Amino acid sequence: MTSTGNSVLRPRVIAIPQRGGETTAYEFGPTDRPVDIVFSHANGFNARTYRSILEPLTDALRVIMVDQRGHGLSRLPADASLPRDSWRDVGDDLTAVIDALELENAILAGHSMGGASSLLAAAARPDRVRALALFDPVIMSPEVISGMDRAAMNDSPLAVGARKRRPAFASKAAAVEAYRGRGAFRSWSEAMLVDYVQDGFADTPAGDVALTCAPAWEASNFTAQGHEAYSAFDAVNMPIRILRAEIGSTCRLEGPEPILTRSGKVRVEVVSGTSHFLPMERPDLVVEVLRSL
């Protein structure tokens, strides 16, 4: 963490009792201006993961990074044994955050699941959101959603892989060492990895550290795909920038994409050479898009 200036992280607890309790966030940037950007993270990660990516914005903009339910330091209930068929719950959580902070004219931004929850929240509060910036958001067409086999989703490679994640390490340093340069973290900088582990693991009574996003909860997010992003597009009339990964994108804008683009509401760009971890691989573009909005 930087120790001086606007880049100092300021932890926040945001009470949203109508959603079951409190969630947590980090804020940085000037305190003498309204919140400019609310950023939401991908499934399995946490708000702090994106600190080094968003830090360059804090010379002039006030940024809040929010922990979603079941991730990071969030105190909202996350019971994976209860049935979930969509991400409407995390979208409603973010809507409640918008209300609790009394945001006006803010940009909602997010990566993967965070992009989808930002879109859902913008559709619920279009009068409070000025623009959307979505980085390889999880968006599927209505046809794909209606044809989903829910039982098959439970056995999808992503869900199975999440359930098999190693839940604990001897220390946070050991977790960093185990992840460095491997799997999903191959394209991450050291700062991003260290920030992820900082809030991605918590001390346990046994003396080790355990994942703050339980493997079962991460898996439930992979299987709960019944929300309809396309109807959310119809509910908003604001600038929308979408950066899609070139390799393995989760942003499926088949069919209506040309209509959305012609409407002037949505600008979709494929970023050459990037994977689903586009924000980690091209943080410069994240900063550029958010400044432009």
# chains A, B, ... in the order shown; residues from 1 in each chain; ligands from 1
call {"tool": "select_by_dssp", "arguments": {"residues": "stretch 8-116 of chain A", "states": "alpha helix (DSSP H)", "output": "ChimeraX atom specification"}}
result
/A:51-54,88-100,113-116
call {"tool": "closest_residue", "arguments": {"among": "A:Arg163, A:Arg84, A:His41, A:Arg62", "to": "A:Gln225", "atoms": "only C-alpha atoms"}}
result
A:Arg84
call {"tool": "residues_around", "arguments": {"residues": "A:Arg252", "least_positions_apart": "2", "cutoff": "12 Å", "atoms": "only C-alpha atoms", "output": "ChimeraX atom specification"}}
result
/A:112,116,136-145,229-230,242-246,248-250,254-257,268,270
call {"tool": "residues_around", "arguments": {"residues": "A:Arg291", "least_positions_apart": "4", "cutoff": "9 Å", "atoms": "only C-alpha atoms", "output": "PyMOL selection string"}}
result
chain A and resi 57+61+286-287
call {"tool": "write_last_selection", "arguments": {"atoms": "C-alpha atoms", "output": "short mmCIF file (atom, residue, chain, number, x, y, z; two decimals), in the first residue's frame"}}
result
data_model
loop_
_atom_site.label_atom_id
_atom_site.label_comp_id
_atom_site.auth_asym_id
_atom_site.auth_seq_id
_atom_site.Cartn_x
_atom_site.Cartn_y
_atom_site.Cartn_z
CA LEU A 57 -6.81 7.02 -11.32
CA LEU A 61 -10.81 10.52 -9.15
CA VAL A 286 -8.67 -0.13 -17.76
CA VAL A 287 -7.33 3.24 -16.68
#
call {"tool": "closest_residue", "arguments": {"among": "A:Glu218, A:Asp85, A:Glu190, A:Glu104", "to": "A:Val35", "atoms": "only C-alpha atoms"}}
result
A:Glu104
call {"tool": "closest_residue", "arguments": {"among": "A:Gly29, A:Leu158, A:Ala232, A:Val197", "to": "A:Phe185", "atoms": "only C-alpha atoms"}}
result
A:Val197
call {"tool": "residues_around", "arguments": {"residues": "stretch 151-156 of chain A", "least_positions_apart": "3", "cutoff": "7 Å", "atoms": "only C-alpha atoms", "output": "ChimeraX atom specification"}}
result
/A:159-160,223
call {"tool": "write_last_selection", "arguments": {"atoms": "C-alpha atoms", "output": "PDB file, in the first residue's frame"}}
result
ATOM      1  CA  ALA A 159     -17.572 -25.431 -10.954  1.00  0.00           C
ATOM      2  CA  VAL A 160     -15.692 -28.679 -10.426  1.00  0.00           C
ATOM      3  CA  THR A 223     -23.607 -22.502 -11.698  1.00  0.00           C
TER       4      THR A 223
END
call {"tool": "select_by_dssp", "arguments": {"residues": "stretch 83-262 of chain A", "states": "strand (DSSP E)", "output": "number ranges by chain"}}
result
A: 106-111, 129-135, 168-169, 201-203, 209-211, 240-245
call {"tool": "write_last_selection", "arguments": {"atoms": "N, CA and C atoms", "output": "tab-separated table (two decimals), in the first residue's frame"}}
result
chain	number	residue	atom	x	y	z
A	106	ALA	N	-22.40	8.35	-10.89
A	106	ALA	CA	-21.20	7.52	-10.73
A	106	ALA	C	-21.03	6.59	-11.93
A	107	ILE	N	-19.81	6.15	-12.13
A	107	ILE	CA	-19.50	5.12	-13.12
A	107	ILE	C	-19.45	3.79	-12.38
A	108	LEU	N	-20.17	2.80	-12.88
A	108	LEU	CA	-20.05	1.45	-12.37
A	108	LEU	C	-19.13	0.68	-13.30
A	109	ALA	N	-18.17	-0.01	-12.72
A	109	ALA	CA	-17.20	-0.77	-13.50
A	109	ALA	C	-16.99	-2.12	-12.83
A	110	GLY	N	-16.59	-3.11	-13.64
A	110	GLY	CA	-16.34	-4.40	-13.03
A	110	GLY	C	-15.75	-5.39	-14.00
A	111	HIS	N	-15.18	-6.42	-13.43
A	111	HIS	CA	-14.52	-7.50	-14.17
A	111	HIS	C	-15.32	-8.78	-14.00
A	129	VAL	N	-26.51	6.38	-12.26
A	129	VAL	CA	-25.30	5.89	-12.92
A	129	VAL	C	-25.10	6.63	-14.23
A	130	ARG	N	-23.91	7.15	-14.44
A	130	ARG	CA	-23.64	7.93	-15.65
A	130	ARG	C	-23.09	7.09	-16.79
A	131	ALA	N	-22.41	5.97	-16.45
A	131	ALA	CA	-21.79	5.14	-17.49
A	131	ALA	C	-21.41	3.80	-16.89
A	132	LEU	N	-21.17	2.83	-17.79
A	132	LEU	CA	-20.72	1.50	-17.41
A	132	LEU	C	-19.42	1.18	-18.13
A	133	ALA	N	-18.48	0.56	-17.41
A	133	ALA	CA	-17.23	0.05	-17.99
A	133	ALA	C	-17.10	-1.40	-17.57
A	134	LEU	N	-17.23	-2.32	-18.53
A	134	LEU	CA	-17.29	-3.74	-18.24
A	134	LEU	C	-16.11	-4.44	-18.89
A	135	PHE	N	-15.32	-5.16	-18.09
A	135	PHE	CA	-14.10	-5.80	-18.56
A	135	PHE	C	-14.31	-7.31	-18.60
A	168	ALA	N	-6.63	-24.05	2.08
A	168	ALA	CA	-5.79	-23.46	3.13
A	168	ALA	C	-4.31	-23.63	2.81
A	169	PHE	N	-3.52	-22.71	3.38
A	169	PHE	CA	-2.05	-22.77	3.29
A	169	PHE	C	-1.49	-22.47	4.67
A	201	PHE	N	-7.33	-14.59	1.80
A	201	PHE	CA	-7.09	-15.58	2.85
A	201	PHE	C	-7.21	-14.89	4.20
A	202	ALA	N	-7.63	-15.65	5.20
A	202	ALA	CA	-7.76	-15.13	6.56
A	202	ALA	C	-7.18	-16.14	7.55
A	203	ASP	N	-6.67	-15.62	8.65
A	203	ASP	CA	-6.11	-16.49	9.68
A	203	ASP	C	-7.20	-17.39	10.27
A	209	VAL	N	-3.92	-20.26	7.15
A	209	VAL	CA	-4.82	-19.28	6.52
A	209	VAL	C	-5.74	-20.03	5.56
A	210	ALA	N	-7.00	-19.59	5.49
A	210	ALA	CA	-7.99	-20.25	4.65
A	210	ALA	C	-8.61	-19.24	3.70
A	211	LEU	N	-9.10	-19.74	2.57
A	211	LEU	CA	-9.76	-18.90	1.58
A	211	LEU	C	-10.95	-18.17	2.20
A	240	ILE	N	-21.80	2.85	-22.56
A	240	ILE	CA	-21.33	1.56	-22.06
A	240	ILE	C	-20.12	1.15	-22.88
A	241	ARG	N	-19.00	0.94	-22.19
A	241	ARG	CA	-17.79	0.44	-22.83
A	241	ARG	C	-17.56	-0.99	-22.36
A	242	ILE	N	-17.39	-1.88	-23.30
A	242	ILE	CA	-17.09	-3.28	-22.99
A	242	ILE	C	-15.79	-3.66	-23.68
A	243	LEU	N	-14.84	-4.13	-22.88
A	243	LEU	CA	-13.61	-4.70	-23.43
A	243	LEU	C	-13.70	-6.21	-23.30
A	244	ARG	N	-13.63	-6.90	-24.43
A	244	ARG	CA	-13.70	-8.36	-24.45
A	244	ARG	C	-12.31	-8.95	-24.63
A	245	ALA	N	-12.11	-10.09	-23.99
A	245	ALA	CA	-10.86	-10.83	-24.19
A	245	ALA	C	-10.86	-11.47	-25.57
call {"tool": "atom_distance", "arguments": {"atom1": "atom CA of A:Trp188", "atom2": "atom CA of A:Val97"}}
result
28.8 Å
